[in-house]
Every structure is written in structure tokens, then in C-alpha cells.
file run_2.cif (mmCIF, C-alpha atoms)
data_work
#
loop_
_atom_site.label_atom_id
_atom_site.label_comp_id
_atom_site.auth_asym_id
_atom_site.auth_seq_id
_atom_site.Cartn_x
_atom_site.Cartn_y
_atom_site.Cartn_z
CA MET T 1 0.00 0.00 0.00
CA ARG T 2 1.37 3.40 -0.96
CA SER T 3 1.66 6.11 1.68
CA VAL T 4 1.01 9.69 0.58
CA VAL T 5 3.35 12.31 2.01
CA ALA T 6 1.96 15.78 2.61
CA SER T 7 3.05 18.45 0.16
CA GLU T 8 3.47 20.98 2.98
CA PRO T 9 5.22 20.43 6.31
CA LEU T 10 2.95 19.43 9.17
CA PRO T 11 3.78 19.96 12.83
CA SER T 12 5.34 16.96 14.53
CA PRO T 13 4.19 15.89 18.00
CA SER T 14 6.68 16.92 20.62
CA VAL T 15 7.82 14.76 23.50
CA THR T 16 7.36 16.28 26.93
CA SER T 17 7.39 15.00 30.46
CA ARG T 18 3.91 14.64 31.92
CA ALA T 19 3.08 15.71 35.43
CA LEU T 20 0.63 13.71 37.50
CA PRO T 21 -2.86 15.24 37.56
CA ARG T 22 -4.96 15.59 40.69
CA LEU T 23 -8.47 15.11 39.34
CA ALA T 24 -10.84 14.89 42.26
CA SER T 25 -13.22 12.57 40.42
CA ASN T 26 -10.82 9.64 40.86
CA PRO T 27 -7.88 10.01 43.31
CA LEU T 28 -6.28 6.88 41.82
CA ARG T 29 -6.29 8.35 38.32
CA PRO T 30 -2.55 9.22 38.22
CA VAL T 31 -1.62 5.78 39.50
CA ILE T 32 -3.77 4.02 36.92
CA LEU T 33 -2.50 6.14 34.05
CA ALA T 34 1.07 5.50 35.14
CA ALA T 35 0.30 1.77 35.23
CA ALA T 36 -0.95 2.03 31.65
CA LYS T 37 2.67 2.67 30.61
CA SER T 38 4.14 -0.18 32.68
CA PRO T 39 4.98 -3.42 30.81
CA ARG T 40 4.91 -5.36 34.11
CA VAL T 41 1.42 -4.15 35.03
CA ARG T 42 0.27 -4.72 31.47
CA ALA T 43 1.41 -8.34 31.60
CA LEU T 44 -0.31 -8.85 34.96
CA VAL T 45 -3.61 -7.27 33.95
CA THR T 46 -3.88 -8.82 30.50
CA THR T 47 -3.32 -12.34 31.81
CA ALA T 48 -5.63 -12.11 34.85
CA PRO T 49 -8.79 -14.22 34.21
CA PRO T 50 -11.22 -11.60 35.62
CA THR T 51 -9.90 -8.99 33.20
CA ARG T 52 -11.77 -10.55 30.27
CA ARG T 53 -15.11 -9.80 31.90
CA LEU T 54 -14.15 -6.15 32.30
CA VAL T 55 -12.87 -5.95 28.75
CA ASP T 56 -16.12 -7.43 27.47
CA ARG T 57 -18.00 -4.61 29.19
CA PHE T 58 -16.06 -1.80 27.50
CA VAL T 59 -14.80 -3.41 24.26
CA ALA T 60 -17.03 -4.99 21.60
CA GLY T 61 -14.52 -7.80 21.01
CA ASP T 62 -11.15 -8.61 19.49
CA THR T 63 -12.32 -9.07 15.89
CA ARG T 64 -14.18 -7.20 13.17
CA PRO T 65 -17.14 -9.63 13.27
CA ASP T 66 -17.46 -8.83 16.99
CA ALA T 67 -17.62 -5.11 16.20
CA LEU T 68 -20.15 -5.65 13.42
CA ALA T 69 -22.41 -7.69 15.70
CA ALA T 70 -22.32 -4.95 18.35
CA THR T 71 -22.96 -2.31 15.70
CA LYS T 72 -26.04 -4.07 14.33
CA ALA T 73 -27.43 -4.47 17.85
CA LEU T 74 -26.96 -0.78 18.63
CA LEU T 75 -28.42 0.40 15.32
CA GLY T 76 -31.43 -1.79 16.05
CA THR T 77 -32.15 0.30 19.16
CA GLY T 78 -32.09 3.61 17.30
CA ARG T 79 -28.55 4.54 18.30
CA ALA T 80 -25.76 5.55 15.94
CA VAL T 81 -22.19 4.26 16.24
CA SER T 82 -18.59 5.39 15.92
CA ILE T 83 -16.26 2.38 15.64
CA ASP T 84 -12.64 2.49 16.71
CA HIS T 85 -10.12 -0.19 15.78
CA LEU T 86 -7.93 -0.05 18.88
CA GLY T 87 -4.29 0.81 18.40
CA GLU T 88 -2.05 3.82 18.96
CA ASP T 89 1.60 4.87 19.24
CA THR T 90 2.51 2.87 16.14
CA THR T 91 6.27 2.97 15.56
CA ASP T 92 6.41 0.65 12.55
CA LEU T 93 5.32 1.66 9.05
CA ALA T 94 4.15 -1.85 8.18
CA GLN T 95 1.92 -1.88 11.25
CA ALA T 96 0.44 1.50 10.30
CA ARG T 97 -0.32 0.19 6.83
CA ALA T 98 -1.95 -2.92 8.30
CA ILE T 99 -4.23 -0.69 10.38
CA VAL T 100 -5.29 1.16 7.23
CA VAL T 101 -6.11 -2.18 5.58
CA GLU T 102 -8.22 -3.14 8.60
CA TYR T 103 -10.13 0.14 8.44
CA GLU T 104 -10.78 -0.31 4.72
CA ALA T 105 -12.13 -3.81 5.38
CA LEU T 106 -14.24 -2.51 8.26
CA ILE T 107 -15.72 0.25 6.10
CA ALA T 108 -16.55 -2.25 3.35
CA ASP T 109 -18.38 -4.40 5.91
CA LEU T 110 -20.24 -1.36 7.25
CA ALA T 111 -21.41 -0.12 3.84
CA PRO T 112 -24.56 -2.33 3.73
CA LEU T 113 -25.68 -0.81 7.05
CA VAL T 114 -25.63 2.78 5.75
CA GLU T 115 -28.87 4.58 4.90
CA ARG T 116 -27.74 6.68 1.96
CA ASP T 117 -30.64 9.16 2.03
CA ALA T 118 -30.38 9.91 5.78
CA PRO T 119 -29.46 13.50 6.80
CA MET T 120 -26.67 12.15 8.96
CA SER T 121 -24.67 8.95 8.85
CA ALA T 122 -25.53 6.61 11.70
CA VAL T 123 -22.31 4.72 10.92
CA GLU T 124 -18.91 6.29 11.54
CA VAL T 125 -15.35 5.18 12.20
CA SER T 126 -12.94 6.89 14.60
CA VAL T 127 -9.21 6.89 13.90
CA LYS T 128 -6.17 7.77 15.97
CA LEU T 129 -3.39 9.36 13.97
CA THR T 130 -0.64 7.75 16.02
CA ALA T 131 -2.06 4.42 14.87
CA LEU T 132 -1.62 5.62 11.28
CA GLY T 133 2.03 6.61 11.71
CA LEU T 134 1.99 10.11 13.22
CA ALA T 135 4.89 9.22 15.54
CA LEU T 136 7.14 7.89 12.76
CA GLY T 137 9.72 10.66 13.06
CA ALA T 138 9.85 13.74 10.84
CA GLU T 139 7.85 12.03 8.09
CA GLY T 140 5.17 10.84 10.52
CA PRO T 141 2.63 13.65 10.01
CA GLY T 142 2.77 13.24 6.23
CA ILE T 143 2.46 9.47 6.50
CA ALA T 144 -0.52 9.79 8.87
CA LEU T 145 -2.19 12.31 6.55
CA GLY T 146 -1.77 9.99 3.57
CA HIS T 147 -3.16 7.02 5.47
CA ALA T 148 -6.07 9.09 6.81
CA ARG T 149 -6.88 10.20 3.26
CA GLN T 150 -7.04 6.55 2.17
CA ILE T 151 -9.49 5.80 4.97
CA CYS T 152 -11.60 8.88 4.19
CA ALA T 153 -11.74 7.99 0.50
CA ALA T 154 -13.01 4.50 1.32
CA ALA T 155 -15.50 5.98 3.80
CA ALA T 156 -16.79 8.54 1.28
CA ALA T 157 -17.50 5.78 -1.24
CA ALA T 158 -19.37 3.76 1.40
CA GLY T 159 -21.35 6.61 2.97
CA VAL T 160 -19.53 6.17 6.28
CA TRP T 161 -18.31 9.18 8.27
CA VAL T 162 -14.85 9.56 9.85
CA THR T 163 -13.83 11.36 13.03
CA VAL T 164 -10.17 11.89 13.93
CA ASP T 165 -9.64 11.16 17.62
CA ALA T 166 -7.73 13.35 20.04
CA GLU T 167 -4.73 11.96 21.90
CA ASP T 168 -2.32 13.50 24.40
CA HIS T 169 -1.56 17.21 24.10
CA THR T 170 1.78 16.72 22.31
CA THR T 171 -0.18 15.59 19.23
CA THR T 172 -2.86 18.29 19.21
CA ASP T 173 -1.27 20.72 16.75
CA ALA T 174 -0.40 17.97 14.28
CA THR T 175 -3.83 16.36 14.64
CA LEU T 176 -5.79 19.56 14.02
CA SER T 177 -3.52 20.46 11.11
CA ILE T 178 -4.23 17.09 9.51
CA VAL T 179 -7.98 17.48 10.14
CA ARG T 180 -7.92 20.79 8.28
CA ARG T 181 -6.08 19.20 5.38
CA LEU T 182 -8.54 16.30 5.24
CA ARG T 183 -11.50 18.68 5.23
CA GLU T 184 -10.28 20.21 1.97
CA ASP T 185 -11.50 17.03 0.25
CA PHE T 186 -13.77 15.55 2.92
CA PRO T 187 -15.56 18.44 4.68
CA TRP T 188 -17.59 16.06 6.85
CA VAL T 189 -14.53 14.76 8.75
CA GLY T 190 -15.02 15.19 12.49
CA ALA T 191 -12.53 16.57 15.00
CA VAL T 192 -12.23 15.81 18.71
CA LEU T 193 -11.41 18.43 21.33
CA GLN T 194 -10.67 17.78 25.01
CA ALA T 195 -12.12 20.24 27.52
CA TYR T 196 -9.40 19.72 30.13
CA LEU T 197 -6.83 21.36 27.86
CA ARG T 198 -6.52 25.08 28.49
CA ARG T 199 -6.35 25.78 24.76
CA THR T 200 -9.62 24.08 23.88
CA GLU T 201 -11.98 27.04 24.20
CA ALA T 202 -9.98 28.83 21.51
CA ASP T 203 -9.88 25.67 19.39
CA CYS T 204 -13.67 25.46 19.65
CA ARG T 205 -13.96 28.96 18.23
CA ASP T 206 -11.63 28.07 15.38
CA LEU T 207 -13.57 24.91 14.57
CA SER T 208 -17.15 26.13 15.01
CA GLY T 209 -17.68 27.20 11.40
CA PRO T 210 -20.34 25.94 8.98
CA GLY T 211 -20.53 22.16 8.67
CA SER T 212 -17.75 21.49 11.19
CA ARG T 213 -18.41 18.39 13.26
CA VAL T 214 -16.70 18.59 16.67
CA ARG T 215 -16.78 15.92 19.36
CA LEU T 216 -16.21 17.54 22.75
CA CYS T 217 -15.00 15.25 25.53
CA LYS T 218 -13.39 15.91 28.90
CA GLY T 219 -10.09 14.15 28.18
CA ALA T 220 -8.45 10.95 29.40
CA TYR T 221 -4.66 11.32 29.22
CA ARG T 222 -2.05 12.33 31.79
CA GLU T 223 -1.35 15.99 31.20
CA PRO T 224 0.74 18.58 33.06
CA ALA T 225 -0.87 21.53 34.84
CA SER T 226 0.80 23.87 32.38
CA VAL T 227 -1.52 22.70 29.60
CA ALA T 228 -4.51 21.09 31.36
CA TYR T 229 -6.88 21.84 34.19
CA GLN T 230 -6.22 19.50 37.11
CA ASP T 231 -9.39 19.90 39.20
CA SER T 232 -12.60 18.20 38.14
CA ALA T 233 -14.68 21.34 38.79
CA GLU T 234 -12.38 23.33 36.50
CA VAL T 235 -12.70 20.67 33.81
CA ASP T 236 -16.50 20.70 34.09
CA ALA T 237 -16.59 24.50 33.86
CA SER T 238 -14.30 24.42 30.83
CA TYR T 239 -16.51 21.80 29.18
CA LEU T 240 -19.61 23.97 29.55
CA ARG T 241 -17.80 27.06 28.24
CA CYS T 242 -16.56 25.09 25.24
CA LEU T 243 -19.97 23.56 24.61
CA ARG T 244 -21.55 27.02 24.61
CA VAL T 245 -19.05 28.15 21.95
CA LEU T 246 -19.91 25.15 19.79
CA MET T 247 -23.66 25.55 20.25
CA ALA T 248 -23.38 29.24 19.33
CA GLY T 249 -21.37 28.39 16.22
CA GLN T 250 -22.42 27.11 12.84
CA GLY T 251 -21.05 23.59 13.14
CA TYR T 252 -22.42 20.35 14.54
CA PRO T 253 -21.58 19.78 18.24
CA MET T 254 -21.16 16.21 19.48
CA VAL T 255 -21.59 16.13 23.26
CA ALA T 256 -19.35 13.27 24.37
CA SER T 257 -19.99 12.95 28.08
CA HIS T 258 -21.58 10.58 30.59
CA ASP T 259 -21.77 13.32 33.23
CA PRO T 260 -25.49 13.75 34.12
CA ALA T 261 -25.03 17.50 34.63
CA ILE T 262 -23.53 17.98 31.19
CA VAL T 263 -26.09 15.71 29.53
CA ALA T 264 -28.83 17.76 31.20
CA ALA T 265 -27.25 21.05 30.15
CA ALA T 266 -26.95 20.13 26.46
CA GLY T 267 -30.64 20.41 25.60
CA PRO T 268 -31.22 23.86 27.12
CA LEU T 269 -28.00 25.17 25.56
CA ALA T 270 -29.10 23.88 22.17
CA ALA T 271 -32.51 25.50 22.58
CA GLU T 272 -30.88 28.79 23.56
CA TYR T 273 -29.19 28.87 20.17
CA ALA T 274 -32.25 27.62 18.27
CA ARG T 275 -30.88 24.14 17.67
CA GLY T 276 -33.42 21.37 17.34
CA PRO T 277 -32.81 17.65 18.05
CA ASP T 278 -31.08 17.35 14.67
CA GLY T 279 -28.63 20.16 15.45
CA PHE T 280 -26.38 18.22 17.82
CA GLU T 281 -25.88 14.75 19.22
CA HIS T 282 -24.96 12.98 22.44
CA GLN T 283 -22.13 10.47 22.49
CA MET T 284 -21.23 7.87 25.10
CA LEU T 285 -18.86 4.94 25.35
CA TYR T 286 -19.86 1.36 24.71
CA GLY T 287 -20.74 -0.30 28.01
CA ILE T 288 -21.29 2.89 30.01
CA ARG T 289 -24.76 4.21 30.97
CA ASP T 290 -26.57 1.95 28.54
CA LEU T 291 -29.99 2.75 30.02
CA GLU T 292 -29.33 6.48 29.67
CA GLN T 293 -28.24 5.96 26.08
CA ARG T 294 -31.50 4.17 25.36
CA ARG T 295 -33.48 6.90 27.13
CA LEU T 296 -31.92 9.66 25.05
CA ALA T 297 -32.47 7.77 21.80
CA GLY T 298 -36.04 6.97 22.83
CA ALA T 299 -36.66 10.67 23.48
CA GLY T 300 -35.86 11.43 19.85
CA LEU T 301 -32.36 12.77 20.45
CA ARG T 302 -29.37 11.70 18.40
CA MET T 303 -27.31 9.27 20.45
CA ARG T 304 -24.03 7.82 19.13
CA VAL T 305 -22.08 5.05 20.86
CA TYR T 306 -18.28 4.85 20.63
CA VAL T 307 -17.59 1.17 19.92
CA PRO T 308 -13.96 0.02 20.28
CA TYR T 309 -12.70 -3.36 19.14
CA GLY T 310 -9.40 -5.13 18.66
CA ALA T 311 -6.71 -6.97 20.58
CA GLN T 312 -4.85 -3.77 21.57
CA TRP T 313 -7.35 -2.90 24.28
CA TYR T 314 -5.05 -2.41 27.28
CA GLY T 315 -4.40 1.35 27.00
CA TYR T 316 -8.07 2.03 26.28
CA LEU T 317 -9.18 -0.05 29.27
CA MET T 318 -6.80 1.71 31.66
CA ARG T 319 -8.07 5.13 30.59
CA ARG T 320 -11.65 3.99 31.24
CA LEU T 321 -10.64 2.80 34.74
CA ALA T 322 -8.92 6.12 35.40
CA GLU T 323 -11.93 8.18 34.37
CA ARG T 324 -14.45 6.98 36.92
CA PRO T 325 -14.15 5.32 40.33
CA SER T 326 -17.19 3.17 39.53
CA ASN T 327 -15.29 1.57 36.65
CA LEU T 328 -12.45 0.66 39.01
CA ARG T 329 -14.90 -0.75 41.56
CA PHE T 330 -16.41 -2.92 38.84
CA PHE T 331 -12.95 -4.26 38.03
CA LEU T 332 -12.09 -4.98 41.68
CA ARG T 333 -15.39 -6.80 42.19
CA SER T 334 -14.53 -8.93 39.16
CA VAL T 335 -11.14 -9.77 40.65
CA VAL T 336 -12.55 -11.02 43.96
CA SER T 337 -15.72 -12.62 42.61
CA ARG T 338 -15.95 -16.32 41.88
CA ASP T 339 -18.64 -15.74 39.24
#

call {"tool": "encode", "arguments": {"input": "run_2.cif", "output": "C-alpha cells"}}
result
Amino acid sequence: MRSVVASEPLPSPSVTSRALPRLASNPLRPVILAAAKSPRVRALVTTAPPTRRLVDRFVAGDTRPDALAATKALLGTGRAVSIDHLGEDTTDLAQARAIVVEYEALIADLAPLVERDAPMSAVEVSVKLTALGLALGAEGPGIALGHARQICAAAAAAGVWVTVDAEDHTTTDATLSIVRRLREDFPWVGAVLQAYLRRTEADCRDLSGPGSRVRLCKGAYREPASVAYQDSAEVDASYLRCLRVLMAGQGYPMVASHDPAIVAAAGPLAAEYARGPDGFEHQMLYGIRDLEQRRLAGAGLRMRVYVPYGAQWYGYLMRRLAERPSNLRFFLRSVVSRD
């Protein structure tokens, strides 16, 4: 498979040391995120028998057929999906190319599920640029752009949407630069912004133009205080400020949060800026607040579920544990339970 190198230089992700955050929502968050980088902890967790039950809660499965089965079930309940083939921090070009091949096969399998005359696509894929080669040295941004273009071209032919995921803050400039380049040919490509980053309110203003799809989430990586809010109340306040910017703009806000206060605030904010139910959507993760997802969809609101699959689930799982104490309690119960 041929990789396309960008004709103009793109910013490369920088490498910085990351300070431990102090998010009040989960005091063990820094410990868990540190463990996510530990090969010893990874080996222990991935081989522990109870882990599979936890993985099955948050991950649709290891294979594409698993993801397709989960997708069909969710679509049958009136929910939309965004499917992520798990993998990031790719340091091998052959591996990056293999991930592109997997996405192309996934999109081909999703094509029969697409309603071509619908005003929005209920079927989307999410991609991480480090999985596509962003970290492959000076040429990484160009390689990732070329691979992302291949995925977008396949998606455009199939009627499937694409959203480019956010990663840690060292990749933000390169990621948003690539999103802008992709939108020259594929204006429907979605971007993801993380409310805990201090820069995000300004990024929301930059990306709130006509037709711009923006997924706003709180953020799940270890970040230093110099670039990210460390207190959960500050993160919540930032989220609501950012969401207001997006609702006031001309784009399409995607409210990616399980927080009941934020979910409750989305509707009134949309109404304040004359947005109907088709002017924004809620997004939640597979396996989290399923009843609330069903409630929102049943109320006529757009509800999209982020569906991850693949064998490289460890980093994703650890970020889910770090986000909410209830996720960690679920895991610990699984460890001590005989069931």
C-alpha cells in the first residue's frame, strides 16, 4: 500500500514530560495512568482471568465480526455508532499500513448498514493518527495524513463518516492540522477536542464554522498543569464554556460525556441557540450508561455510541478505569468474585 506524504510540512508531535494530575473525580487516576505505561502491570492485567469480563464490558470484542455484531445491535435500538479499531503509538510503518487495511475492510463491511438518504450517517469510524504513523519521526505527520486520506476515500464511497480522535496534548497541533487538510477534500470529517486542555476554548472557536463536526469530551490522558486543568470542577466549567461556543457556532456539536449535569445542560444550551434535536448529538462509550443511552435515543435525540474493538485494548481499558471510580470498583469486584 502506498503512503502519501503531505506536500506541505505538518507539525510533529513533541515529546514532553507529563506531570501527574490531581483530578478529584478519581484520586487513583494518576496511579492508573502510570500503570498504563508499565509493561509489568500490562502483563499482569492482560493475563488475569477476571480482566476478560471487564474488557467485554467496554470493548465490543477482538475481531471485526465482533464489532459488526455490536454495531447491528446498537443500530437496532435507534442509536448511531462510531467504531474504533484499537491501536495507537505505532512505531512501525508496516503496522500502520496494516491498520489502514483493517479500516478499509471494516468500512466495506459497514457499507450495507448505511442509509444513503439519511441526513446524517448513523455509521462512523474513529481513527487515531498515532495508529496511522503520526509518531514515525519527521515524516510521521505526512504518513498519517496519507493514510487518513485513504481511509476517508473509502469511507466517502461507502457513505460512512470519519472522526479523527484526540490523543495527548503533544499531538494536538499535528492532529488539528491534519484534520484541516482532510477537510479540503472531505468536509464532513469530524474533530475531537478535550475540555481539560486550556487551549480548547480557543480551538472550539476556530472549529465552530459551517458544517464542522466537533466531538467535545473531557479528556483521558495524563497531562501537566501547564496545559490542562487539574481539578474536576475546573474541567466541568471548561466543558460547559466550550460547549456554549460550539452551540453558538455554525457547526455540529457532538456532546461526548456521561456526566449527568452535562447531559442535562446540552438540551437547554441547544434551545438557547435555536438548535433542534437534529442540530447536535450525544455520544457515550460502549458499556457505560446503557440505560441512559437508550433513554436519550427513545426521546428522539441523536445518540451515538463509541464502539472500540481489537486486541490492543489495554491502554483504552486503563483510561476507562482512570476516568471513573465506579469503573475501578467494577474491576475490583470482578477480581474477587468467583462468578

call {"tool": "closest_residue", "arguments": {"input": "run_2.cif", "among": "T:Gln250, T:Thr77, T:Ser238, T:Thr170", "to": "Phe280 (chain T)", "atoms": "all atoms listed in the file"}}
result
T:Gln250

call {"tool": "residues_near_point", "arguments": {"input": "run_2.cif", "point": "(-11.2, 18.3, 34.8)", "cutoff": "8 Å", "atoms": "all atoms listed in the file", "output": "short mmCIF file (atom, residue, chain, number, x, y, z; two decimals) with C-alpha atoms, in the frame of the given file"}}
result
data_model
loop_
_atom_site.label_atom_id
_atom_site.label_comp_id
_atom_site.auth_asym_id
_atom_site.auth_seq_id
_atom_site.Cartn_x
_atom_site.Cartn_y
_atom_site.Cartn_z
CA LEU T 23 -8.47 15.11 39.34
CA ALA T 195 -12.12 20.24 27.52
CA TYR T 196 -9.40 19.72 30.13
CA LYS T 218 -13.39 15.91 28.90
CA GLY T 219 -10.09 14.15 28.18
CA TYR T 229 -6.88 21.84 34.19
CA GLN T 230 -6.22 19.50 37.11
CA ASP T 231 -9.39 19.90 39.20
CA SER T 232 -12.60 18.20 38.14
CA ALA T 233 -14.68 21.34 38.79
CA GLU T 234 -12.38 23.33 36.50
CA VAL T 235 -12.70 20.67 33.81
CA ASP T 236 -16.50 20.70 34.09
CA SER T 238 -14.30 24.42 30.83
#

call {"tool": "closest_atom_pairs", "arguments": {"input": "run_2.cif", "of": "region 129-242 of chain T", "to": "region 298-312 of chain T", "cutoff": "12 Å", "atoms": "only C-alpha atoms", "output": "JSON lines"}}
result
{"residue": "T:Ala131", "atom": "CA", "partner": "T:Gln312", "partner_atom": "CA", "distance": 10.9}
{"residue": "T:Thr163", "atom": "CA", "partner": "T:Tyr306", "partner_atom": "CA", "distance": 11.0}
{"residue": "T:Asp165", "atom": "CA", "partner": "T:Tyr306", "partner_atom": "CA", "distance": 11.1}
{"residue": "T:Arg215", "atom": "CA", "partner": "T:Arg304", "partner_atom": "CA", "distance": 10.9}
{"residue": "T:Cys217", "atom": "CA", "partner": "T:Tyr306", "partner_atom": "CA", "distance": 12.0}

call {"tool": "resolve_selection", "arguments": {"input": "run_2.cif", "expression": "the PyMOL selection byres ((chain T and resi 154-161) around 6)", "output": "list in words"}}
result
Ala111, Val123, Glu124, Ile151, Cys152, Ala153 and Val162 of chain T

call {"tool": "resolve_selection", "arguments": {"input": "run_2.cif", "expression": "the PyMOL selection byres ((chain T and resi 290) around 12)", "output": "list in words"}}
result
Arg57, Phe58, Leu74, Thr77, Arg79, His258, Gln283, Met284, Leu285, Tyr286, Gly287, Ile288, Arg289, Leu291, Glu292, Gln293, Arg294, Arg295, Leu296, Ala297, Met303, Arg304, Val305 and Tyr306 of chain T

call {"tool": "closest_residue", "arguments": {"input": "run_2.cif", "among": "T:Gly133, T:Gly279, T:Gly209, T:Pro187", "to": "Ala98 (chain T)", "atoms": "all atoms listed in the file"}}
result
T:Gly133

call {"tool": "axis_aligned_box", "arguments": {"input": "run_2.cif", "around": "region 122-131 of chain T", "padding_each_side": "6 Å", "output": "JSON"}}
result
{"center_x": -13.1, "center_y": 6.9, "center_z": 13.5, "size_x": 36.9, "size_y": 16.9, "size_z": 17.1}

call {"tool": "atom_distance", "arguments": {"input": "run_2.cif", "atom1": "CA of Ala80 (chain T)", "atom2": "CA of Ala118 (chain T)"}}
result
12.0 Å

call {"tool": "residues_near_point", "arguments": {"input": "run_2.cif", "point": "(-7.6, 24.4, 9.7)", "cutoff": "12 Å", "atoms": "only C-alpha atoms", "output": "PyMOL selection string"}}
result
chain T and resi 10+173-184+187+189+191+203-209+212

call {"tool": "resolve_selection", "arguments": {"input": "run_2.cif", "expression": "the PyMOL selection byres ((chain T and resi 88) around 10)", "output": "PyMOL selection string"}}
result
chain T and resi 85-87+89-91+96+99+127-135+167+312+315-316

call {"tool": "atom_distance", "arguments": {"input": "run_2.cif", "atom1": "CA of Gly78 (chain T)", "atom2": "CA of Ala148 (chain T)"}}
result
28.6 Å

call {"tool": "atom_distance", "arguments": {"input": "run_2.cif", "atom1": "CA of Gly140 (chain T)", "atom2": "CA of Arg97 (chain T)"}}
result
12.5 Å

call {"tool": "closest_residue", "arguments": {"input": "run_2.cif", "among": "T:Ala256, T:Val214, T:Ala270, T:Ala94", "to": "Ile143 (chain T)", "atoms": "all atoms listed in the file"}}
result
T:Ala94

call {"tool": "closest_residue", "arguments": {"input": "run_2.cif", "among": "T:Leu145, T:Leu93, T:Ala67, T:Leu75", "to": "Glu115 (chain T)", "atoms": "only C-alpha atoms"}}
result
T:Leu75

call {"tool": "closest_residue", "arguments": {"input": "run_2.cif", "among": "T:Ala202, T:Ala166, T:Leu136, T:Ala105", "to": "Arg241 (chain T)", "atoms": "all atoms listed in the file"}}
result
T:Ala202

call {"tool": "closest_residue", "arguments": {"input": "run_2.cif", "among": "T:Ala261, T:Val101, T:Leu197, T:Ile107", "to": "Ala228 (chain T)", "atoms": "all atoms listed in the file"}}
result
T:Leu197

call {"tool": "build_atoms", "arguments": {"input": "run_2.cif", "residues": "region 185-192 of chain T", "atoms": "all heavy atoms", "output": "tab-separated table (two decimals), in the coordinates of the input"}}
result
chain	number	residue	atom	x	y	z
T	185	ASP	N	-10.87	18.00	1.15
T	185	ASP	CA	-11.50	17.03	0.25
T	185	ASP	C	-12.70	16.33	0.88
T	185	ASP	O	-13.59	15.86	0.16
T	185	ASP	CB	-10.47	15.97	-0.17
T	185	ASP	CG	-9.31	16.57	-0.95
T	185	ASP	OD1	-9.56	17.37	-1.87
T	185	ASP	OD2	-8.15	16.24	-0.62
T	186	PHE	N	-12.71	16.26	2.20
T	186	PHE	CA	-13.77	15.55	2.92
T	186	PHE	C	-14.30	16.46	4.04
T	186	PHE	O	-13.93	16.32	5.21
T	186	PHE	CB	-13.24	14.25	3.51
T	186	PHE	CG	-12.47	13.40	2.52
T	186	PHE	CD1	-11.07	13.38	2.52
T	186	PHE	CD2	-13.13	12.62	1.58
T	186	PHE	CE1	-10.36	12.61	1.63
T	186	PHE	CE2	-12.43	11.85	0.67
T	186	PHE	CZ	-11.04	11.85	0.68
T	187	PRO	N	-15.15	17.42	3.70
T	187	PRO	CA	-15.56	18.44	4.68
T	187	PRO	C	-16.34	17.89	5.87
T	187	PRO	O	-16.47	18.58	6.89
T	187	PRO	CB	-16.43	19.40	3.85
T	187	PRO	CG	-16.84	18.62	2.65
T	187	PRO	CD	-15.73	17.67	2.36
T	188	TRP	N	-16.81	16.67	5.77
T	188	TRP	CA	-17.59	16.06	6.85
T	188	TRP	C	-16.72	15.39	7.92
T	188	TRP	O	-17.25	14.84	8.90
T	188	TRP	CB	-18.56	15.03	6.27
T	188	TRP	CG	-17.97	14.21	5.16
T	188	TRP	CD1	-18.12	14.43	3.82
T	188	TRP	CD2	-17.09	13.08	5.26
T	188	TRP	NE1	-17.40	13.50	3.09
T	188	TRP	CE2	-16.77	12.66	3.96
T	188	TRP	CE3	-16.56	12.37	6.35
T	188	TRP	CZ2	-15.94	11.57	3.70
T	188	TRP	CZ3	-15.72	11.29	6.10
T	188	TRP	CH2	-15.42	10.91	4.79
T	189	VAL	N	-15.41	15.40	7.77
T	189	VAL	CA	-14.53	14.76	8.75
T	189	VAL	C	-14.68	15.45	10.11
T	189	VAL	O	-14.65	16.68	10.21
T	189	VAL	CB	-13.06	14.81	8.29
T	189	VAL	CG1	-12.12	14.45	9.43
T	189	VAL	CG2	-12.85	13.85	7.12
T	190	GLY	N	-14.85	14.65	11.15
T	190	GLY	CA	-15.02	15.19	12.49
T	190	GLY	C	-13.70	15.37	13.22
T	190	GLY	O	-12.73	14.65	12.96
T	191	ALA	N	-13.68	16.34	14.13
T	191	ALA	CA	-12.53	16.57	15.00
T	191	ALA	C	-12.94	16.33	16.44
T	191	ALA	O	-14.12	16.41	16.79
T	191	ALA	CB	-12.03	18.01	14.83
T	192	VAL	N	-11.96	16.02	17.29
T	192	VAL	CA	-12.23	15.81	18.71
T	192	VAL	C	-11.41	16.81	19.51
T	192	VAL	O	-10.20	16.96	19.29
T	192	VAL	CB	-11.87	14.37	19.14
T	192	VAL	CG1	-12.15	14.18	20.63
T	192	VAL	CG2	-12.66	13.35	18.33
